[in-house]
file model30.txt (compact mmCIF, C-alpha atoms)
# COMPACT_ATOMS: atom_id res chain seq x y z
CA ALA A 1 118.35 75.07 81.05
CA ARG A 2 121.70 74.05 82.54
CA ASP A 3 123.45 74.55 79.16
CA PHE A 4 122.99 78.30 79.11
CA GLN A 5 125.46 78.94 76.30
CA SER A 6 123.39 76.90 73.84
CA TRP A 7 120.45 79.32 74.02
CA ILE A 8 121.97 82.60 75.19
CA SER A 9 121.28 84.23 71.82
CA HIS A 10 117.54 83.72 72.36
CA LEU A 11 117.43 85.36 75.79
CA PRO A 12 116.06 88.72 74.54
CA LEU A 13 112.90 86.90 73.45
CA VAL A 14 111.88 86.27 77.06
CA LEU A 15 112.82 89.75 78.26
CA GLN A 16 110.12 91.64 76.39
CA GLY A 17 106.40 91.65 75.82
CA GLU A 18 103.87 89.42 77.56
CA GLN A 19 105.48 86.34 79.09
CA ARG A 20 102.90 84.11 80.78
CA GLN A 21 105.48 81.56 81.94
CA ALA A 22 108.19 84.09 82.79
CA PHE A 23 108.07 83.62 86.56
CA ALA A 24 108.04 79.84 86.48
CA PHE A 25 110.82 79.77 83.88
CA GLY A 26 113.05 82.27 85.69
CA LEU A 27 112.54 80.63 89.08
CA ARG A 28 113.39 77.15 87.82
CA LEU A 29 116.36 78.49 85.91
CA GLY A 30 117.69 80.07 89.09
CA GLN A 31 117.32 76.77 90.90
CA CYS A 32 119.07 74.75 88.17
CA LEU A 33 121.76 76.96 86.66
CA LYS A 34 125.13 76.56 88.34
CA ASP A 35 127.05 79.35 86.62
CA ILE A 36 124.75 82.25 87.46
CA GLN A 37 126.84 85.33 86.70
CA PRO A 38 126.85 84.95 82.88
CA PHE A 39 123.05 84.74 82.85
CA ILE A 40 122.66 87.83 85.03
CA THR A 41 125.12 89.80 82.91
CA SER A 42 123.38 88.77 79.69
CA ALA A 43 119.91 89.53 81.08
CA LEU A 44 120.92 93.01 82.23
CA ARG A 45 122.60 93.70 78.90
CA GLY A 46 119.45 92.54 77.14
CA LEU A 47 117.13 94.70 79.26
CA ALA A 48 119.34 97.74 78.69
CA ALA A 49 119.02 97.25 74.92
CA ILE A 50 115.21 96.86 74.87
CA ASP A 51 112.82 99.80 74.77
CA ARG A 52 111.61 100.30 78.35
CA ARG A 53 107.99 100.26 77.18
CA GLU A 54 108.46 96.73 75.82
CA ALA A 55 110.92 95.28 78.34
CA ASN A 56 109.77 92.62 80.81
CA PRO A 57 112.20 91.92 83.69
CA THR A 58 110.11 89.10 85.22
CA VAL A 59 112.46 86.30 84.15
CA LEU A 60 115.42 87.99 85.80
CA GLY A 61 113.45 88.82 88.95
CA ALA A 62 112.26 85.24 89.31
CA PHE A 63 115.80 84.04 88.64
CA LEU A 64 117.04 86.17 91.54
CA GLN A 65 114.40 84.62 93.76
CA GLY A 66 115.58 81.18 92.63
CA ILE A 67 119.16 81.88 93.76
CA GLN A 68 118.39 83.95 96.86
CA ASP A 69 118.64 81.12 99.37
CA ARG A 70 121.97 79.79 98.06
CA ASP A 71 123.61 83.05 97.02
CA PRO A 72 122.05 86.09 98.73
CA GLN A 73 125.23 88.09 98.17
CA GLN A 74 124.86 87.71 94.39
CA VAL A 75 121.27 88.96 94.61
CA GLU A 76 122.45 91.95 96.64
CA GLN A 77 125.22 92.76 94.18
CA THR A 78 122.88 92.45 91.21
CA LEU A 79 120.30 94.81 92.66
CA GLU A 80 123.02 97.31 93.58
CA SER A 81 124.27 97.15 90.01
CA VAL A 82 120.75 97.73 88.69
CA ALA A 83 120.24 100.69 91.02
CA GLU A 84 123.39 102.36 89.66
CA ASP A 85 122.70 101.64 85.98
CA PRO A 86 120.99 104.60 84.24
CA LEU A 87 119.30 102.26 81.75
CA CYS A 88 118.23 99.41 84.07
CA CYS A 89 117.47 101.33 87.27
CA PHE A 90 113.82 101.72 86.26
CA TYR A 91 113.37 97.95 86.70
CA ILE A 92 114.58 97.97 90.31
CA ALA A 93 111.10 97.81 91.89
CA ASP A 94 109.88 94.97 89.66
CA LEU A 95 113.06 92.96 90.28
CA THR A 96 113.02 93.54 94.03
CA ARG A 97 109.38 92.56 94.52
CA LEU A 98 110.08 89.08 93.14
CA ILE A 99 112.67 88.26 95.79
CA THR A 100 111.95 88.31 99.52
CA PRO A 101 112.89 91.94 100.13
CA ALA A 102 114.28 93.32 103.37
CA LEU A 103 113.96 96.92 104.50
CA SER A 104 117.41 97.61 103.02
CA ASP A 105 116.13 96.49 99.61
CA LEU A 106 113.20 98.89 99.83
CA GLU A 107 115.49 101.73 100.86
CA ARG A 108 117.65 101.01 97.80
CA ILE A 109 114.60 101.63 95.61
CA LEU A 110 113.88 104.89 97.41
CA ARG A 111 117.45 105.91 96.65
CA VAL A 112 116.70 105.36 92.97
CA VAL A 113 113.55 107.48 93.37
CA ARG A 114 115.66 110.31 94.77
CA THR A 115 118.62 110.08 92.42
CA ARG A 116 117.34 108.60 89.16
CA GLY A 117 113.82 109.94 88.84
CA LEU A 118 111.98 106.66 89.33
CA PRO A 119 108.33 107.57 90.14
CA VAL A 120 107.61 106.81 93.79
CA THR A 121 104.34 105.23 92.67
CA ALA A 122 106.45 102.40 91.21
CA LEU A 123 106.63 101.08 94.78
CA LYS A 124 102.93 100.29 94.68
CA VAL A 125 103.97 96.95 93.18
CA PHE A 126 104.72 95.86 96.76
CA SER A 127 101.02 95.87 97.52
CA TYR A 128 100.43 93.17 94.89
CA GLY A 129 100.22 89.62 96.15
CA ARG A 130 100.93 90.79 99.71
CA GLY A 131 104.60 91.03 98.79
CA LEU A 132 105.67 92.52 102.12
CA ASP A 133 103.80 90.13 104.43
CA HIS A 134 107.08 88.73 105.73
CA LEU A 135 108.30 92.10 107.04
CA PRO A 136 107.96 92.93 110.74
CA LEU A 137 105.63 95.85 111.37
CA SER A 138 108.49 98.06 112.58
CA ASP A 139 110.17 97.77 109.16
CA LEU A 140 106.94 98.46 107.32
CA VAL A 141 106.33 101.57 109.43
CA THR A 142 109.85 102.79 108.66
CA PHE A 143 109.22 102.17 104.95
CA THR A 144 105.93 104.10 104.94
CA GLU A 145 107.58 106.97 106.82
CA ARG A 146 110.18 107.16 104.04
CA LEU A 147 107.42 107.17 101.44
CA LEU A 148 105.77 110.15 103.15
CA GLU A 149 108.85 112.20 102.28
CA HIS A 150 107.84 112.06 98.62
CA GLY A 151 104.74 114.25 98.63
CA GLY A 152 101.23 113.21 97.71
CA PRO A 153 102.21 110.28 95.45
CA GLY A 154 104.41 108.89 98.22
CA ALA A 155 101.64 109.24 100.80
CA TRP A 156 99.08 107.43 98.65
CA THR A 157 101.64 104.71 97.89
CA ALA A 158 102.24 104.29 101.63
CA LEU A 159 98.49 103.98 102.25
CA GLU A 160 98.07 101.29 99.60
CA VAL A 161 101.04 99.26 100.83
CA MET A 162 99.88 99.45 104.45
CA PHE A 163 96.28 98.65 103.52
CA MET A 164 97.28 95.46 101.73
CA TYR A 165 99.64 94.48 104.54
CA MET A 166 96.83 94.39 107.09
CA HIS A 167 93.87 93.58 104.81
CA GLY A 168 91.82 90.63 106.06
CA ASP A 169 93.89 90.16 109.22
CA SER A 170 92.25 91.55 112.38
CA ALA A 171 95.44 91.23 114.44
CA ARG A 172 97.41 93.19 111.88
CA TRP A 173 94.66 95.80 111.67
CA GLN A 174 95.03 96.46 115.38
CA ALA A 175 98.81 96.56 115.06
CA CYS A 176 98.69 98.93 112.07
CA ARG A 177 95.88 101.12 113.38
CA ALA A 178 98.03 103.95 114.73
CA GLN A 179 100.12 104.16 111.56
CA LEU A 180 97.05 104.11 109.33
CA ARG A 181 95.54 106.95 111.34
CA GLN A 182 98.76 108.90 110.99
CA LEU A 183 98.69 108.37 107.23
CA LEU A 184 95.13 109.71 106.95
CA MET A 185 96.08 112.74 109.04
CA HIS A 186 99.30 113.47 107.17
CA PRO A 187 99.26 116.73 105.14
CA ASN A 188 100.74 114.98 102.10
CA LEU A 189 97.70 112.69 101.84
CA HIS A 190 95.48 115.11 99.99
CA PHE A 191 93.19 115.06 96.96
CA THR A 192 94.96 117.54 94.71
CA ASP A 193 96.73 114.76 92.81
CA SER A 194 95.13 112.58 90.17
CA LEU A 195 93.94 109.52 92.08
CA LYS A 196 92.85 106.07 91.04
CA THR A 197 89.66 104.41 92.22
CA MET A 198 91.60 102.01 94.46
CA ASP A 199 93.31 104.93 96.22
CA LEU A 200 89.90 106.33 97.13
CA HIS A 201 88.65 102.89 98.13
CA HIS A 202 91.53 102.39 100.57
CA TRP A 203 91.00 105.87 102.03
CA LYS A 204 87.26 105.27 102.47
CA GLU A 205 87.63 101.83 104.03
CA ILE A 206 90.30 102.87 106.51
CA GLY A 207 88.59 106.13 107.41
CA SER A 208 85.23 104.45 108.00
CA LYS A 209 86.73 101.77 110.20
CA LEU A 210 88.77 104.18 112.31
CA LEU A 211 85.83 106.51 112.85
CA THR A 212 83.41 103.77 113.84
CA GLU A 213 85.63 101.64 116.06
CA ALA A 214 86.41 104.45 118.48
CA THR A 215 85.38 108.07 118.89
CA ASP A 216 88.06 110.21 117.28
CA GLU A 217 87.01 113.83 116.95
CA GLU A 218 90.45 114.96 115.81
CA LEU A 219 90.40 112.52 112.90
CA ALA A 220 86.80 113.48 112.06
CA HIS A 221 87.74 117.15 111.86
CA GLU A 222 90.82 116.42 109.76
CA LEU A 223 88.95 114.24 107.26
CA LEU A 224 86.26 116.89 106.84
CA THR A 225 88.93 119.54 106.32
CA LYS A 226 90.50 117.46 103.56
CA ILE A 227 87.12 116.82 101.93
CA LEU A 228 86.23 120.51 101.92
CA ALA A 229 89.65 121.43 100.53
CA ALA A 230 89.18 118.90 97.73
CA CYS A 231 85.73 120.26 96.92
CA ALA A 232 87.19 123.76 96.61
CA THR A 233 89.53 122.63 93.81
CA ASP A 234 88.77 122.00 90.16
CA HIS A 235 88.55 118.25 90.68
CA SER A 236 85.36 116.65 89.47
CA TYR A 237 83.24 115.87 92.51
CA VAL A 238 81.82 112.91 90.62
CA GLU A 239 85.25 111.25 90.82
CA LEU A 240 85.44 111.75 94.58
CA ASP A 241 81.80 111.10 95.46
CA TYR A 242 82.38 107.35 95.85
CA ALA A 243 84.72 107.94 98.79
CA PHE A 244 83.35 111.20 100.19
CA ARG A 245 79.65 110.38 100.45
CA PRO A 246 79.88 107.51 103.01
CA ILE A 247 82.46 109.40 105.10
CA LEU A 248 80.31 112.53 105.16
CA GLN A 249 77.25 110.49 106.14
CA LEU A 250 79.21 108.88 108.95
CA LEU A 251 80.52 112.26 110.14
CA LEU A 252 77.02 113.72 110.28
CA GLU A 253 75.64 110.70 112.11
CA GLN A 254 78.37 110.22 114.71
CA TYR A 255 80.33 113.49 114.84
CA ARG A 256 77.68 116.11 114.14
CA ASP A 257 78.78 118.54 116.86
CA THR A 258 82.39 118.34 115.71
CA VAL A 259 81.91 118.79 111.98
CA TRP A 260 78.75 120.87 111.61
CA PRO A 261 80.33 124.33 112.18
CA ALA A 262 82.82 123.85 109.34
CA MET A 263 80.27 122.08 107.16
CA SER A 264 77.64 124.79 107.59
CA ASP A 265 80.19 127.49 106.77
CA ALA A 266 81.03 125.65 103.55
CA LEU A 267 77.36 125.27 102.63
CA LEU A 268 76.73 128.98 103.18
CA SER A 269 79.85 130.17 101.36
CA ASP A 270 79.76 131.87 97.97
CA ASP A 271 82.03 129.21 96.51
CA HIS A 272 79.71 127.09 94.37
CA ARG A 273 82.19 124.21 94.45
CA THR A 274 81.53 123.53 98.14
call {"tool": "encode", "arguments": {"input": "model30.txt", "output": "structure tokens"}}
result
Amino acid sequence: ARDFQSWISHLPLVLQGEQRQAFAFGLRLGQCLKDIQPFITSALRGLAAIDRREANPTVLGAFLQGIQDRDPQQVEQTLESVAEDPLCCFYIADLTRLITPALSDLERILRVVRTRGLPVTALKVFSYGRGLDHLPLSDLVTFTERLLEHGGPGAWTALEVMFMYMHGDSARWQACRAQLRQLLMHPNLHFTDSLKTMDLHHWKEIGSKLLTEATDEELAHELLTKILAACATDHSYVELDYAFRPILQLLLEQYRDTVWPAMSDALLSDDHRT
């Protein structure tokens, strides 16, 4: 591994397709290789030349993690270079998640979302493996606030990232409670977008917990309003039933006086969808 020049011509082979040992290889390479700039330059050149649908930046991301402690400035410069490269910028989220990202690194990705057309949902990778556990809550809240600026997809991305940040940790749940409530109440968190099952699961779990832990009539009214709005669209109710049914049951059991006027109006309306 230390003699990079002897195998540089084979580098493209580990930058595409499935690479089961990519992380371990890239990490160890970053720890061993002394002359790091030629490898980074070659890896970026290789990724730029590979079809984006086949490219796999894991080796480079793990390499950056391997050098982060001894050369954080090089990691910063590399990610800035990626963010400005029209061919490589779409790998910025995958590369950043493999280091130990700071808020500034996350804001760099959001800049790429704004300027290069990277889908904001690409930031959902930071919910995998609890990749933001090291961040202080204040930074995570700032990050989710930035995500909310990107419409429905940004709001659902924020909910997933926050859910995984606090999942299984009662102290973090209490610390994140206010921000999670704000996310559920936010107008951009709606059901008009195409949603995945895990999006609905996160919404259901957080909503149920907030409604049962403390009486919150404002939240109850808002959740019902969103449910009724979703039912009045052309979305298949079958897709949403998994999340809506337990929330509606909870609303009728614990918030009947709050939700029944709007619910009865919907039931009596001429709109067959509600």
call {"tool": "axis_aligned_box", "arguments": {"input": "model30.txt", "around": "range 258-271 of chain A", "padding_each_side": "4 Å", "output": "JSON"}}
result
{"center_x": 79.8, "center_y": 125.1, "center_z": 106.1, "size_x": 14.1, "size_y": 21.5, "size_z": 27.2}
call {"tool": "closest_residue", "arguments": {"input": "model30.txt", "among": "A:Met185, A:Leu110, A:Leu240, A:Ala83", "to": "Ile227 in chain A", "atoms": "all atoms listed in the file"}}
result
A:Leu240
call {"tool": "atom_distance", "arguments": {"input": "model30.txt", "atom1": "CA of Gly61 in chain A", "atom2": "CA of Asp133 in chain A"}}
result
18.3 Å
call {"tool": "residues_around", "arguments": {"input": "model30.txt", "residues": "Glu18 in chain A", "least_positions_apart": "3", "cutoff": "12 Å", "atoms": "only C-alpha atoms", "output": "list in words"}}
result
Leu13, Val14, Leu15, Gln21, Ala22, Phe23, Arg53, Glu54, Ala55, Asn56, Pro57, Thr58 and Val59 of chain A
call {"tool": "atom_distance", "arguments": {"input": "model30.txt", "atom1": "CA of His167 in chain A", "atom2": "CA of Tyr128 in chain A"}}
result
11.9 Å
call {"tool": "atom_distance", "arguments": {"input": "model30.txt", "atom1": "CA of Thr157 in chain A", "atom2": "CA of His190 in chain A"}}
result
12.3 Å
call {"tool": "closest_residue", "arguments": {"input": "model30.txt", "among": "A:Gly152, A:Phe143, A:Thr258, A:Arg130", "to": "Asp169 in chain A", "atoms": "only C-alpha atoms"}}
result
A:Arg130
call {"tool": "closest_residue", "arguments": {"input": "model30.txt", "among": "A:Leu98, A:His186, A:His10, A:Phe191", "to": "Ala43 in chain A", "atoms": "all atoms listed in the file"}}
result
A:His10
call {"tool": "residues_around", "arguments": {"input": "model30.txt", "residues": "Val113 in chain A", "least_positions_apart": "3", "cutoff": "12 Å", "atoms": "all atoms listed in the file", "output": "list of chain:residue names"}}
result
A:Ala83, A:Glu84, A:Cys89, A:Phe90, A:Tyr91, A:Ile92, A:Ala93, A:Leu106, A:Glu107, A:Arg108, A:Ile109, A:Leu110, A:Arg116, A:Gly117, A:Leu118, A:Pro119, A:Val120, A:Thr121, A:Ala122, A:Leu123, A:Arg146, A:Leu147, A:Glu149, A:His150, A:Pro153, A:Gly154
call {"tool": "residues_near_point", "arguments": {"input": "model30.txt", "point": "(96.6, 104.8, 112.1)", "cutoff": "12 Å", "atoms": "only C-alpha atoms", "output": "PyMOL selection string"}}
result
chain A and resi 141+144+158-159+162-163+166+172-186+203+206-207+209-211+216+219
call {"tool": "residues_around", "arguments": {"input": "model30.txt", "residues": "Pro101 in chain A", "least_positions_apart": "5", "cutoff": "10 Å", "atoms": "all atoms listed in the file", "output": "list in words"}}
result
Gln65, Leu95, Thr96, Leu106, Phe126, Gly131, Leu132, His134 and Leu135 of chain A
call {"tool": "closest_residue", "arguments": {"input": "model30.txt", "among": "A:Ala214, A:Cys88, A:Leu228, A:Ile247", "to": "Ile50 in chain A", "atoms": "all atoms listed in the file"}}
result
A:Cys88
call {"tool": "closest_residue", "arguments": {"input": "model30.txt", "among": "A:Ala155, A:Cys32, A:Leu60, A:Val82", "to": "Arg111 in chain A", "atoms": "all atoms listed in the file"}}
result
A:Val82
call {"tool": "residues_around", "arguments": {"input": "model30.txt", "residues": "Ala220 in chain A", "least_positions_apart": "2", "cutoff": "9 Å", "atoms": "all atoms listed in the file", "output": "list in words"}}
result
Gly207, Leu211, Thr215, Asp216, Glu217, Glu218, Glu222, Leu223, Leu224, Thr225, Leu251, Tyr255, Thr258 and Val259 of chain A
call {"tool": "closest_residue", "arguments": {"input": "model30.txt", "among": "A:Pro38, A:Pro136, A:Gly17, A:Pro261", "to": "Thr78 in chain A", "atoms": "only C-alpha atoms"}}
result
A:Pro38
call {"tool": "build_atoms", "arguments": {"input": "model30.txt", "residues": "range 208-223 of chain A", "atoms": "N, CA, C and O atoms", "output": "PDB file, in the coordinates of the input"}}
result
ATOM      1  N   SER A 208      86.492 104.928 107.412  1.00  0.00           N
ATOM      2  CA  SER A 208      85.230 104.450 108.000  1.00  0.00           C
ATOM      3  C   SER A 208      85.490 103.577 109.222  1.00  0.00           C
ATOM      4  O   SER A 208      84.829 103.713 110.261  1.00  0.00           O
ATOM      5  N   LYS A 209      86.459 102.691 109.108  1.00  0.00           N
ATOM      6  CA  LYS A 209      86.730 101.770 110.200  1.00  0.00           C
ATOM      7  C   LYS A 209      87.292 102.494 111.417  1.00  0.00           C
ATOM      8  O   LYS A 209      86.909 102.227 112.570  1.00  0.00           O
ATOM      9  N   LEU A 210      88.196 103.437 111.188  1.00  0.00           N
ATOM     10  CA  LEU A 210      88.770 104.180 112.310  1.00  0.00           C
ATOM     11  C   LEU A 210      87.715 105.018 113.019  1.00  0.00           C
ATOM     12  O   LEU A 210      87.695 105.097 114.254  1.00  0.00           O
ATOM     13  N   LEU A 211      86.826 105.632 112.257  1.00  0.00           N
ATOM     14  CA  LEU A 211      85.830 106.510 112.850  1.00  0.00           C
ATOM     15  C   LEU A 211      84.740 105.757 113.605  1.00  0.00           C
ATOM     16  O   LEU A 211      84.150 106.289 114.547  1.00  0.00           O
ATOM     17  N   THR A 212      84.478 104.523 113.203  1.00  0.00           N
ATOM     18  CA  THR A 212      83.410 103.770 113.840  1.00  0.00           C
ATOM     19  C   THR A 212      83.893 102.922 115.015  1.00  0.00           C
ATOM     20  O   THR A 212      83.122 102.649 115.938  1.00  0.00           O
ATOM     21  N   GLU A 213      85.137 102.502 114.992  1.00  0.00           N
ATOM     22  CA  GLU A 213      85.630 101.640 116.060  1.00  0.00           C
ATOM     23  C   GLU A 213      85.836 102.381 117.380  1.00  0.00           C
ATOM     24  O   GLU A 213      85.681 101.799 118.459  1.00  0.00           O
ATOM     25  N   ALA A 214      86.186 103.651 117.272  1.00  0.00           N
ATOM     26  CA  ALA A 214      86.410 104.450 118.480  1.00  0.00           C
ATOM     27  C   ALA A 214      86.150 105.918 118.156  1.00  0.00           C
ATOM     28  O   ALA A 214      86.406 106.356 117.031  1.00  0.00           O
ATOM     29  N   THR A 215      85.628 106.644 119.111  1.00  0.00           N
ATOM     30  CA  THR A 215      85.380 108.070 118.890  1.00  0.00           C
ATOM     31  C   THR A 215      86.704 108.793 118.715  1.00  0.00           C
ATOM     32  O   THR A 215      87.605 108.688 119.547  1.00  0.00           O
ATOM     33  N   ASP A 216      86.815 109.517 117.604  1.00  0.00           N
ATOM     34  CA  ASP A 216      88.060 110.210 117.280  1.00  0.00           C
ATOM     35  C   ASP A 216      87.717 111.547 116.625  1.00  0.00           C
ATOM     36  O   ASP A 216      87.675 111.676 115.408  1.00  0.00           O
ATOM     37  N   GLU A 217      87.449 112.539 117.464  1.00  0.00           N
ATOM     38  CA  GLU A 217      87.010 113.830 116.950  1.00  0.00           C
ATOM     39  C   GLU A 217      88.110 114.540 116.162  1.00  0.00           C
ATOM     40  O   GLU A 217      87.830 115.262 115.197  1.00  0.00           O
ATOM     41  N   GLU A 218      89.349 114.345 116.553  1.00  0.00           N
ATOM     42  CA  GLU A 218      90.450 114.960 115.810  1.00  0.00           C
ATOM     43  C   GLU A 218      90.510 114.430 114.380  1.00  0.00           C
ATOM     44  O   GLU A 218      90.656 115.189 113.417  1.00  0.00           O
ATOM     45  N   LEU A 219      90.393 113.116 114.242  1.00  0.00           N
ATOM     46  CA  LEU A 219      90.400 112.520 112.900  1.00  0.00           C
ATOM     47  C   LEU A 219      89.185 112.983 112.111  1.00  0.00           C
ATOM     48  O   LEU A 219      89.293 113.292 110.919  1.00  0.00           O
ATOM     49  N   ALA A 220      88.017 113.034 112.739  1.00  0.00           N
ATOM     50  CA  ALA A 220      86.800 113.480 112.060  1.00  0.00           C
ATOM     51  C   ALA A 220      86.981 114.883 111.497  1.00  0.00           C
ATOM     52  O   ALA A 220      86.645 115.157 110.337  1.00  0.00           O
ATOM     53  N   HIS A 221      87.525 115.769 112.298  1.00  0.00           N
ATOM     54  CA  HIS A 221      87.740 117.150 111.860  1.00  0.00           C
ATOM     55  C   HIS A 221      88.738 117.202 110.711  1.00  0.00           C
ATOM     56  O   HIS A 221      88.553 117.951 109.734  1.00  0.00           O
ATOM     57  N   GLU A 222      89.787 116.405 110.798  1.00  0.00           N
ATOM     58  CA  GLU A 222      90.820 116.420 109.760  1.00  0.00           C
ATOM     59  C   GLU A 222      90.278 115.872 108.437  1.00  0.00           C
ATOM     60  O   GLU A 222      90.563 116.425 107.366  1.00  0.00           O
ATOM     61  N   LEU A 223      89.508 114.805 108.494  1.00  0.00           N
ATOM     62  CA  LEU A 223      88.950 114.240 107.260  1.00  0.00           C
ATOM     63  C   LEU A 223      87.987 115.224 106.604  1.00  0.00           C
ATOM     64  O   LEU A 223      87.983 115.382 105.377  1.00  0.00           O
TER      65      LEU A 223
END
